[in-house]
file input_11.cif (mmCIF, C-alpha atoms)
data_coords
#
loop_
_atom_site.label_atom_id
_atom_site.label_comp_id
_atom_site.auth_asym_id
_atom_site.auth_seq_id
_atom_site.Cartn_x
_atom_site.Cartn_y
_atom_site.Cartn_z
CA MET A 2 1.24 52.91 85.92
CA GLY A 3 3.31 54.24 83.11
CA GLU A 4 2.77 57.97 82.93
CA GLU A 5 4.71 59.04 86.05
CA SER A 6 7.76 60.95 85.01
CA HIS A 7 11.25 60.54 86.41
CA GLU A 8 13.79 63.16 87.31
CA HIS A 9 15.65 62.37 84.06
CA GLY A 10 12.63 63.57 82.12
CA ILE A 11 11.76 60.28 80.45
CA ASN A 12 8.92 58.10 81.59
CA ARG A 13 8.66 54.36 81.25
CA ARG A 14 6.20 54.51 78.36
CA SER A 15 8.34 56.69 76.12
CA PHE A 16 11.45 54.69 77.06
CA VAL A 17 9.81 51.41 76.01
CA THR A 18 8.44 53.04 72.85
CA GLY A 19 11.93 54.26 72.00
CA VAL A 20 13.53 50.88 72.63
CA ILE A 21 10.94 49.16 70.43
CA GLY A 22 11.56 51.72 67.71
CA VAL A 23 15.34 51.25 67.85
CA LEU A 24 15.13 47.45 67.94
CA GLY A 25 12.61 47.45 65.11
CA GLY A 26 14.90 49.68 63.09
CA ILE A 27 17.89 47.41 63.70
CA ILE A 28 15.95 44.26 62.75
CA SER A 29 14.55 45.95 59.62
CA ALA A 30 18.06 47.04 58.64
CA ILE A 31 19.51 43.56 59.22
CA VAL A 32 16.94 42.05 56.86
CA GLY A 33 16.24 45.02 54.59
CA LEU A 34 19.74 46.11 53.58
CA PRO A 35 20.97 42.60 52.63
CA ALA A 36 17.65 42.10 50.81
CA ILE A 37 18.51 44.97 48.46
CA GLY A 38 21.91 43.41 47.72
CA TYR A 39 20.21 40.03 47.35
CA LEU A 40 17.83 41.31 44.68
CA ILE A 41 20.28 43.35 42.61
CA SER A 42 23.17 40.86 42.98
CA PRO A 43 22.95 39.33 39.46
CA ALA A 44 22.81 42.83 37.92
CA LEU A 45 26.20 43.62 39.42
CA LYS A 46 27.97 40.80 37.58
CA ARG A 47 29.23 41.97 34.20
CA GLU A 48 29.98 39.33 31.63
CA SER A 49 32.22 40.36 28.80
CA ALA A 50 32.97 38.78 25.46
CA ASP A 51 35.86 39.64 23.17
CA GLU A 52 36.45 37.01 20.54
CA TRP A 53 36.66 36.41 16.81
CA VAL A 54 33.82 34.23 15.56
CA PRO A 55 34.06 32.37 12.22
CA LEU A 56 30.94 32.95 10.10
CA GLY A 57 31.60 31.05 6.88
CA TRP A 58 33.41 31.21 3.55
CA VAL A 59 33.53 34.64 2.04
CA ASP A 60 33.35 33.19 -1.50
CA ASP A 61 29.91 31.75 -0.76
CA ILE A 62 28.41 35.18 -0.19
CA PRO A 63 26.57 36.49 -3.27
CA GLU A 64 27.30 40.06 -4.29
CA GLY A 65 24.78 42.72 -3.24
CA GLU A 66 22.41 40.34 -1.54
CA PRO A 67 22.16 40.40 2.30
CA THR A 68 22.92 36.91 3.56
CA LEU A 69 21.94 35.85 7.06
CA PHE A 70 24.44 33.97 9.18
CA SER A 71 23.54 32.76 12.62
CA PHE A 72 25.57 31.32 15.44
CA THR A 73 25.09 30.64 19.12
CA ARG A 74 27.25 31.39 22.11
CA THR A 75 26.75 29.60 25.41
CA LYS A 76 27.05 31.47 28.66
CA GLN A 77 26.72 30.49 32.28
CA VAL A 78 23.74 32.47 33.56
CA GLY A 79 22.65 31.82 37.13
CA TRP A 80 22.71 28.05 37.64
CA GLU A 81 22.32 27.21 33.96
CA ARG A 82 24.34 27.29 30.78
CA THR A 83 22.16 29.13 28.30
CA ALA A 84 22.61 29.35 24.54
CA PHE A 85 22.17 32.81 23.04
CA SER A 86 21.69 33.10 19.29
CA TYR A 87 23.11 35.82 17.12
CA GLY A 88 22.11 36.84 13.61
CA VAL A 89 24.42 38.65 11.24
CA TYR A 90 23.62 39.99 7.76
CA VAL A 91 26.62 40.09 5.45
CA VAL A 92 26.48 42.09 2.23
CA ARG A 93 29.27 41.85 -0.30
CA LYS A 94 29.63 45.19 -2.04
CA ALA A 95 30.69 45.76 -5.63
CA ASP A 96 34.20 46.79 -4.57
CA GLY A 97 34.67 43.48 -2.80
CA GLU A 98 34.38 45.01 0.68
CA LEU A 99 31.79 43.67 3.11
CA ASP A 100 29.07 45.18 5.30
CA VAL A 101 28.53 43.04 8.39
CA PHE A 102 25.33 44.06 10.20
CA SER A 103 23.98 42.90 13.50
CA ASN A 104 20.32 42.00 13.03
CA VAL A 105 19.47 43.66 16.36
CA CYS A 106 17.29 46.69 15.68
CA THR A 107 18.85 49.88 17.02
CA HIS A 108 15.48 51.00 18.39
CA VAL A 109 14.66 48.60 21.23
CA GLY A 110 16.41 45.38 20.30
CA CYS A 111 14.01 43.28 18.23
CA ARG A 112 15.47 41.34 15.29
CA VAL A 113 15.27 42.82 11.81
CA SER A 114 14.96 40.68 8.71
CA TRP A 115 15.69 41.37 5.05
CA ASP A 116 12.54 41.76 2.98
CA GLU A 117 13.34 40.71 -0.58
CA ASP A 118 10.28 42.38 -2.11
CA ILE A 119 10.96 45.92 -0.94
CA ALA A 120 14.72 45.46 -0.60
CA GLU A 121 14.79 46.79 2.97
CA TYR A 122 15.52 45.45 6.44
CA VAL A 123 12.27 45.51 8.38
CA CYS A 124 11.83 45.38 12.14
CA PRO A 125 8.49 43.73 13.02
CA CYS A 126 8.10 45.37 16.43
CA HIS A 127 7.67 49.06 15.54
CA ASP A 128 7.99 49.02 11.77
CA GLY A 129 11.54 50.30 11.53
CA HIS A 130 13.01 50.18 8.02
CA PHE A 131 16.69 50.15 7.06
CA ALA A 132 18.31 50.31 3.64
CA ARG A 133 20.65 47.70 2.18
CA ASP A 134 23.62 49.68 3.49
CA GLY A 135 22.09 49.85 6.97
CA ALA A 136 20.93 53.47 6.73
CA ILE A 137 17.69 54.61 8.31
CA ILE A 138 14.70 54.75 5.96
CA SER A 139 11.74 55.17 8.28
CA GLY A 140 10.35 54.33 11.69
CA PRO A 141 11.40 55.25 15.22
CA VAL A 142 14.95 53.92 14.83
CA PRO A 143 17.63 56.21 16.31
CA ARG A 144 20.67 55.15 14.26
CA PRO A 145 21.68 52.92 11.34
CA LEU A 146 22.22 49.20 11.87
CA ASP A 147 25.28 48.36 13.96
CA GLN A 148 28.21 46.78 12.17
CA TYR A 149 30.74 44.20 13.28
CA GLU A 150 34.44 44.59 12.67
CA TYR A 151 35.51 41.76 10.34
CA ARG A 152 38.53 40.18 8.71
CA VAL A 153 38.99 37.55 6.02
CA GLU A 154 41.50 34.80 6.75
CA GLU A 155 43.99 33.62 4.15
CA ASP A 156 41.92 30.53 3.47
CA GLY A 157 38.83 32.69 2.79
CA ARG A 158 37.08 32.32 6.12
CA LEU A 159 35.08 35.36 7.27
CA MET A 160 35.67 36.22 10.93
CA ILE A 161 33.76 38.83 12.92
CA HIS A 162 34.77 40.54 16.13
CA LEU A 163 32.25 39.86 18.89
CA GLN A 164 32.59 42.37 21.72
CA GLU A 165 30.21 42.61 24.67
CA GLY A 166 30.19 44.00 28.15
CA MET B 25 4.47 70.07 60.38
CA ILE B 26 4.57 66.35 61.25
CA GLU B 27 1.78 67.05 63.71
CA ARG B 28 -0.36 68.63 60.97
CA VAL B 29 0.25 65.74 58.55
CA ARG B 30 -0.66 63.30 61.30
CA ASN B 31 -3.85 65.18 62.12
CA TRP B 32 -4.81 65.36 58.46
CA LEU B 33 -4.35 61.60 58.04
CA ASP B 34 -6.00 60.80 61.37
CA ALA B 35 -9.12 62.80 60.48
CA ARG B 36 -9.52 60.65 57.37
CA LEU B 37 -8.12 57.24 58.32
CA GLY B 38 -8.88 57.17 62.03
CA LEU B 39 -5.38 55.92 62.78
CA GLY B 40 -5.63 57.06 66.38
CA THR B 41 -8.65 54.87 66.97
CA ILE B 42 -6.94 51.89 65.39
CA TYR B 43 -3.84 52.46 67.51
CA ALA B 44 -5.88 52.82 70.68
CA THR B 45 -7.96 49.72 69.94
CA VAL B 46 -5.21 47.43 68.73
CA LEU B 47 -2.14 48.45 70.70
CA ASP B 48 -3.36 50.50 73.69
CA ARG B 49 -5.52 47.69 75.01
CA LYS B 50 -5.85 47.14 78.71
CA VAL B 51 -4.04 43.94 79.68
CA PRO B 52 -4.01 42.07 83.00
CA LYS B 53 -0.72 41.56 84.84
CA VAL B 54 0.88 38.76 82.88
CA ASN B 55 4.29 37.15 82.42
CA TRP B 56 6.74 36.59 79.57
CA SER B 57 4.93 33.49 78.32
CA PHE B 58 2.23 35.84 77.05
CA THR B 59 4.67 37.14 74.40
CA LEU B 60 4.74 33.78 72.55
CA GLY B 61 1.87 34.79 70.28
CA SER B 62 3.59 38.03 69.31
CA ALA B 63 6.84 36.11 68.81
CA THR B 64 5.01 33.74 66.45
CA LEU B 65 3.46 36.68 64.60
CA PHE B 66 6.90 38.21 64.17
CA LEU B 67 8.22 34.91 62.79
CA VAL B 68 5.27 34.60 60.39
CA VAL B 69 6.08 38.02 58.97
CA MET B 70 9.77 37.14 58.68
CA GLN B 71 8.90 33.86 56.93
CA GLY B 72 6.63 35.73 54.54
CA VAL B 73 9.22 38.38 53.70
CA THR B 74 12.18 36.00 53.29
CA GLY B 75 9.97 33.50 51.43
CA ILE B 76 8.94 36.16 48.92
CA PHE B 77 12.60 37.04 48.40
CA LEU B 78 13.52 33.37 47.89
CA THR B 79 11.07 33.06 45.00
CA ALA B 80 13.20 35.60 43.11
CA TYR B 81 15.66 32.76 42.40
CA TYR B 82 14.11 29.44 43.38
CA VAL B 83 12.74 27.25 40.58
CA PRO B 84 10.31 24.45 41.50
CA HIS B 85 11.48 21.95 38.91
CA PRO B 86 13.34 18.67 39.57
CA ASP B 87 16.14 19.67 37.18
CA GLN B 88 16.68 23.09 38.70
CA ALA B 89 15.39 23.24 42.28
CA TYR B 90 18.62 21.97 43.83
CA ASP B 91 20.83 24.05 41.53
CA SER B 92 18.82 27.22 42.10
CA ILE B 93 19.16 26.83 45.87
CA ASN B 94 22.87 26.16 45.46
CA TYR B 95 23.01 29.40 43.51
CA ILE B 96 21.17 31.27 46.27
CA MET B 97 23.53 29.90 48.90
CA ASN B 98 26.82 30.42 47.03
CA GLU B 99 26.41 33.09 44.36
CA VAL B 100 23.72 35.57 45.36
CA ALA B 101 24.75 38.35 47.76
CA PHE B 102 23.31 37.55 51.22
CA GLY B 103 21.45 34.57 49.76
CA TRP B 104 22.78 32.48 52.65
CA LEU B 105 21.26 35.01 55.06
CA ILE B 106 17.81 35.17 53.46
CA ARG B 107 17.56 31.38 53.17
CA GLY B 108 19.12 30.91 56.60
CA ILE B 109 16.47 33.11 58.21
CA HIS B 110 13.74 31.23 56.33
CA HIS B 111 15.20 27.83 57.27
CA TRP B 112 15.77 28.51 60.96
CA GLY B 113 12.69 30.72 61.25
CA ALA B 114 10.60 27.73 60.16
CA THR B 115 12.04 25.53 62.88
CA LEU B 116 11.76 28.27 65.50
CA MET B 117 8.16 28.92 64.50
CA ILE B 118 7.17 25.32 65.26
CA VAL B 119 8.73 25.81 68.70
CA THR B 120 6.95 29.09 69.46
CA VAL B 121 3.62 27.84 68.10
CA VAL B 122 3.72 24.75 70.32
CA LEU B 123 4.81 26.72 73.39
CA HIS B 124 2.06 29.26 72.66
CA MET B 125 -0.46 26.42 72.55
CA LEU B 126 0.86 24.86 75.77
CA ARG B 127 0.67 28.22 77.56
CA THR B 128 -2.94 28.68 76.43
CA PHE B 129 -3.78 25.14 77.47
CA PHE B 130 -2.22 25.19 80.93
CA TYR B 131 -3.60 28.66 81.76
CA ALA B 132 -7.02 27.45 80.55
CA ALA B 133 -7.20 30.52 78.33
CA TYR B 134 -9.26 28.59 75.76
CA LYS B 135 -12.42 28.77 77.92
CA TYR B 136 -15.43 31.04 77.37
CA PRO B 137 -15.43 33.45 75.59
CA ARG B 138 -12.23 32.43 73.81
CA GLU B 139 -13.20 29.05 72.37
CA LEU B 140 -13.02 30.33 68.80
CA THR B 141 -9.58 31.80 69.40
CA TRP B 142 -8.50 28.30 70.38
CA VAL B 143 -10.21 26.67 67.38
CA THR B 144 -8.63 29.09 64.92
CA GLY B 145 -5.34 28.58 66.75
CA VAL B 146 -5.56 24.82 66.18
CA LEU B 147 -6.19 25.46 62.47
CA LEU B 148 -3.18 27.78 62.41
CA LEU B 149 -1.09 25.05 64.06
CA LEU B 150 -2.13 22.60 61.32
CA ILE B 151 -1.34 25.15 58.61
CA THR B 152 2.05 25.83 60.18
CA LEU B 153 2.83 22.10 60.16
CA GLY B 154 1.62 21.98 56.55
CA MET B 155 3.96 24.83 55.67
CA GLY B 156 6.82 22.92 57.27
CA PHE B 157 5.89 19.70 55.47
CA THR B 158 5.56 21.29 52.02
CA GLY B 159 8.58 23.55 52.44
CA TYR B 160 10.78 20.62 53.38
CA LEU B 161 10.48 19.09 49.90
CA LEU B 162 11.39 22.24 47.98
CA PRO B 163 15.24 21.96 48.12
CA TRP B 164 14.80 18.62 46.29
CA ASN B 165 17.88 17.10 47.90
CA GLN B 166 18.20 13.53 49.15
CA ARG B 167 16.94 14.39 52.60
CA SER B 168 13.84 16.25 51.42
CA TYR B 169 13.07 13.67 48.73
CA TRP B 170 13.11 10.75 51.14
CA ALA B 171 11.46 12.68 53.97
CA THR B 172 8.54 13.41 51.65
CA THR B 173 8.51 9.81 50.40
CA VAL B 174 8.11 8.68 53.99
CA GLY B 175 5.73 11.50 54.94
CA THR B 176 3.33 10.87 52.09
CA ASN B 177 3.55 7.09 52.56
CA ILE B 178 2.34 7.47 56.13
CA THR B 179 -1.06 8.55 54.80
CA GLU B 180 -1.44 5.03 53.35
CA THR B 181 -2.20 3.81 56.86
CA VAL B 182 -5.49 5.74 56.89
CA PRO B 183 -8.28 3.16 56.42
CA PHE B 184 -10.05 3.07 53.03
CA VAL B 185 -8.91 6.48 51.68
CA GLY B 186 -5.20 6.18 52.54
CA ASP B 187 -4.11 5.20 49.06
CA PHE B 188 -6.12 8.01 47.49
CA VAL B 189 -4.74 10.62 49.92
CA ASN B 190 -1.20 9.52 49.15
CA ARG B 191 -1.81 9.79 45.40
CA ALA B 192 -3.53 13.15 45.82
CA LEU B 193 -0.60 14.53 47.81
CA ARG B 194 1.98 13.22 45.35
CA GLY B 195 -0.04 13.99 42.25
CA GLY B 196 0.31 10.38 41.15
CA GLU B 197 2.05 7.16 41.97
CA GLU B 198 5.55 8.43 42.69
CA LEU B 199 7.27 11.59 43.84
CA SER B 200 7.70 13.56 40.65
CA THR B 201 7.75 17.00 39.13
CA LEU B 202 4.01 17.09 39.87
CA THR B 203 4.70 16.58 43.57
CA LEU B 204 7.25 19.38 43.60
CA SER B 205 4.90 21.73 41.72
CA ARG B 206 1.91 21.15 43.95
CA PHE B 207 3.97 21.33 47.14
CA PHE B 208 5.39 24.64 45.92
CA SER B 209 1.91 25.89 45.07
CA ALA B 210 0.61 24.85 48.49
CA HIS B 211 3.65 26.35 50.20
CA ILE B 212 3.53 29.79 48.63
CA TRP B 213 -0.16 30.27 47.72
CA MET B 214 -2.75 27.96 49.22
CA LEU B 215 -1.50 27.56 52.78
CA PRO B 216 -0.40 31.22 53.15
CA ALA B 217 -3.79 32.38 51.85
CA ALA B 218 -5.56 30.20 54.40
CA LEU B 219 -3.10 31.29 57.07
CA ILE B 220 -3.68 35.00 56.46
CA GLY B 221 -7.46 34.58 56.60
CA ILE B 222 -7.52 32.53 59.77
CA LEU B 223 -4.77 34.59 61.38
CA GLY B 224 -6.95 37.66 60.74
CA ILE B 225 -9.82 36.06 62.68
CA HIS B 226 -7.44 34.90 65.42
CA LEU B 227 -6.00 38.39 65.93
CA TYR B 228 -9.40 40.06 65.66
CA LEU B 229 -10.60 37.83 68.49
CA VAL B 230 -7.53 38.64 70.59
CA VAL B 231 -8.19 42.37 70.15
CA ARG B 232 -11.94 42.03 70.67
CA LEU B 233 -11.87 39.78 73.73
CA GLY B 234 -8.60 40.88 75.28
CA ILE B 235 -6.21 38.39 76.81
CA SER B 236 -7.01 36.27 79.82
CA HIS B 237 -5.26 36.72 83.12
CA VAL B 238 -3.02 34.18 84.80
CA PRO B 239 -5.39 31.88 86.75
CA GLU B 240 -5.52 32.22 90.53
CA LYS B 241 -4.94 29.22 92.82
CA ASP B 242 -8.65 28.74 93.55
CA GLU B 243 -9.84 29.07 89.94
#

call {"tool": "encode", "arguments": {"input": "input_11.cif", "output": "structure tokens"}}
result
Amino acid sequence: MGEESHEHGINRRSFVTGVIGVLGGIISAIVGLPAIGYLISPALKRESADEWVPLGWVDDIPEGEPTLFSFTRTKQVGWERTAFSYGVYVVRKADGELDVFSNVCTHVGCRVSWDEDIAEYVCPCHDGHFARDGAIISGPVPRPLDQYEYRVEEDGRLMIHLQEG
Amino acid sequence: MIERVRNWLDARLGLGTIYATVLDRKVPKVNWSFTLGSATLFLVVMQGVTGIFLTAYYVPHPDQAYDSINYIMNEVAFGWLIRGIHHWGATLMIVTVVLHMLRTFFYAAYKYPRELTWVTGVLLLLITLGMGFTGYLLPWNQRSYWATTVGTNITETVPFVGDFVNRALRGGEELSTLTLSRFFSAHIWMLPAALIGILGIHLYLVVRLGISHVPEKDE
């Protein structure tokens, strides 16, 4: 059985092999292609933020000394509402203008903190150092600390512009 | 070129021998009921693949299990398809496993030298039922909660050890986060591990002994 060839040039064995191959391919595609979409699906959803966040009273910020403000924003992620925390260093300069730094290190996203003793921002992950004005001092950091756009309301409230996505 | 690659691999891996032994076996003239084992094997693989994908989103915690499945069904691309295949595949697998067993029984294919194929098959049947039982709780909806309440309570009827078995299954007095955790663990690790091992023996025996023929009238 099986090996005798027909006038069409295809025997039973190779026909069955071909059919199994085609059916297997179809079944794999039916499961495999949606599976790719299934896995990357959350990555395709972009969440954007564009809002002004009140930080505090501008008069409370001491001159020349980086002051940490933190706030949280809640987002719907998957099936849960999750709170994300943000840290912002505000420095009031001698001319009355402000520097508003994100505390996210520009290297790979750890959080920097102000070290009083050496008067530098230090990132604990890979020892990145930033100056009071956000400039690079040392370490693997690619660019100075990121700054937020800010405005001061008439009543003295400091607002920063949170933009994401 | 393909031929040369194949020859190179074959000389080292012996793929040709494996193919000839596993797939080019001599089989007696049989009917469609002899495909039930292969159908079950196909379903096992599908359950494994879709089950692995489901764990990408499912969370086995009373606060989140139901919500995570809701998310799979309504938010994730093709989540309904992956879970649907897993859900209906489970039901279909019980059907094919039982039919496979009935075919083996009525054709007396469990006799010498295939007794161990039958014994491992019975173990596989129990594992399959265990997979169904543990998987049923995981959505943590009203139906699964009460089905598992009833299912675990039934063990209380076993003389002497019934109460202990019930507590061991539930991980305590009541259905709780411990029950959900251990059912999840059993469903994705313990039972599948046992299933793969025993299925390996089962299939080895099928390849080694070949399949039995359909009995004649005078047998």

call {"tool": "residues_near_point", "arguments": {"input": "input_11.cif", "point": "(36.5, 44.1, 0.3)", "cutoff": "12 Å", "atoms": "only C-alpha atoms", "output": "number ranges by chain"}}
result
A: 59-60, 64, 91-101, 151-153, 157, 159

call {"tool": "write_last_selection", "arguments": {"input": "input_11.cif", "atoms": "C-alpha atoms", "output": "PDB file, in the frame of the given file"}}
result
ATOM      1  CA  VAL A  59      33.530  34.640   2.040  1.00  0.00           C
ATOM      2  CA  ASP A  60      33.350  33.190  -1.500  1.00  0.00           C
ATOM      3  CA  GLU A  64      27.300  40.060  -4.290  1.00  0.00           C
ATOM      4  CA  VAL A  91      26.620  40.090   5.450  1.00  0.00           C
ATOM      5  CA  VAL A  92      26.480  42.090   2.230  1.00  0.00           C
ATOM      6  CA  ARG A  93      29.270  41.850  -0.300  1.00  0.00           C
ATOM      7  CA  LYS A  94      29.630  45.190  -2.040  1.00  0.00           C
ATOM      8  CA  ALA A  95      30.690  45.760  -5.630  1.00  0.00           C
ATOM      9  CA  ASP A  96      34.200  46.790  -4.570  1.00  0.00           C
ATOM     10  CA  GLY A  97      34.670  43.480  -2.800  1.00  0.00           C
ATOM     11  CA  GLU A  98      34.380  45.010   0.680  1.00  0.00           C
ATOM     12  CA  LEU A  99      31.790  43.670   3.110  1.00  0.00           C
ATOM     13  CA  ASP A 100      29.070  45.180   5.300  1.00  0.00           C
ATOM     14  CA  VAL A 101      28.530  43.040   8.390  1.00  0.00           C
ATOM     15  CA  TYR A 151      35.510  41.760  10.340  1.00  0.00           C
ATOM     16  CA  ARG A 152      38.530  40.180   8.710  1.00  0.00           C
ATOM     17  CA  VAL A 153      38.990  37.550   6.020  1.00  0.00           C
ATOM     18  CA  GLY A 157      38.830  32.690   2.790  1.00  0.00           C
ATOM     19  CA  LEU A 159      35.080  35.360   7.270  1.00  0.00           C
TER      20      LEU A 159
END

call {"tool": "atom_distance", "arguments": {"input": "input_11.cif", "atom1": "CA of Ala171 (chain B)", "atom2": "CA of His211 (chain B)"}}
result
16.2 Å

call {"tool": "residues_around", "arguments": {"input": "input_11.cif", "residues": "Ile212 (chain B)", "least_positions_apart": "3", "cutoff": "12 Å", "atoms": "only C-alpha atoms", "output": "PyMOL selection string"}}
result
chain B and resi 71-79+82+84+154-156+158-159+162+205-209+215-220

call {"tool": "residues_around", "arguments": {"input": "input_11.cif", "residues": "region 36-49 of chain B", "least_positions_apart": "5", "cutoff": "10 Å", "atoms": "all atoms listed in the file", "output": "PyMOL selection string"}}
result
chain B and resi 30-31+227-228+230-232+234-235

call {"tool": "residues_around", "arguments": {"input": "input_11.cif", "residues": "Leu204 (chain B)", "least_positions_apart": "2", "cutoff": "12 Å", "atoms": "only C-alpha atoms", "output": "count of residues only"}}
result
36

call {"tool": "resolve_selection", "arguments": {"input": "input_11.cif", "expression": "the PyMOL selection byres ((chain A) within 8 of (chain B))", "output": "PyMOL selection string"}}
result
chain A and resi 32+35-36+38-40+42-43+79-80

call {"tool": "atom_distance", "arguments": {"input": "input_11.cif", "atom1": "CA of Asp147 (chain A)", "atom2": "CA of Glu81 (chain A)"}}
result
29.3 Å
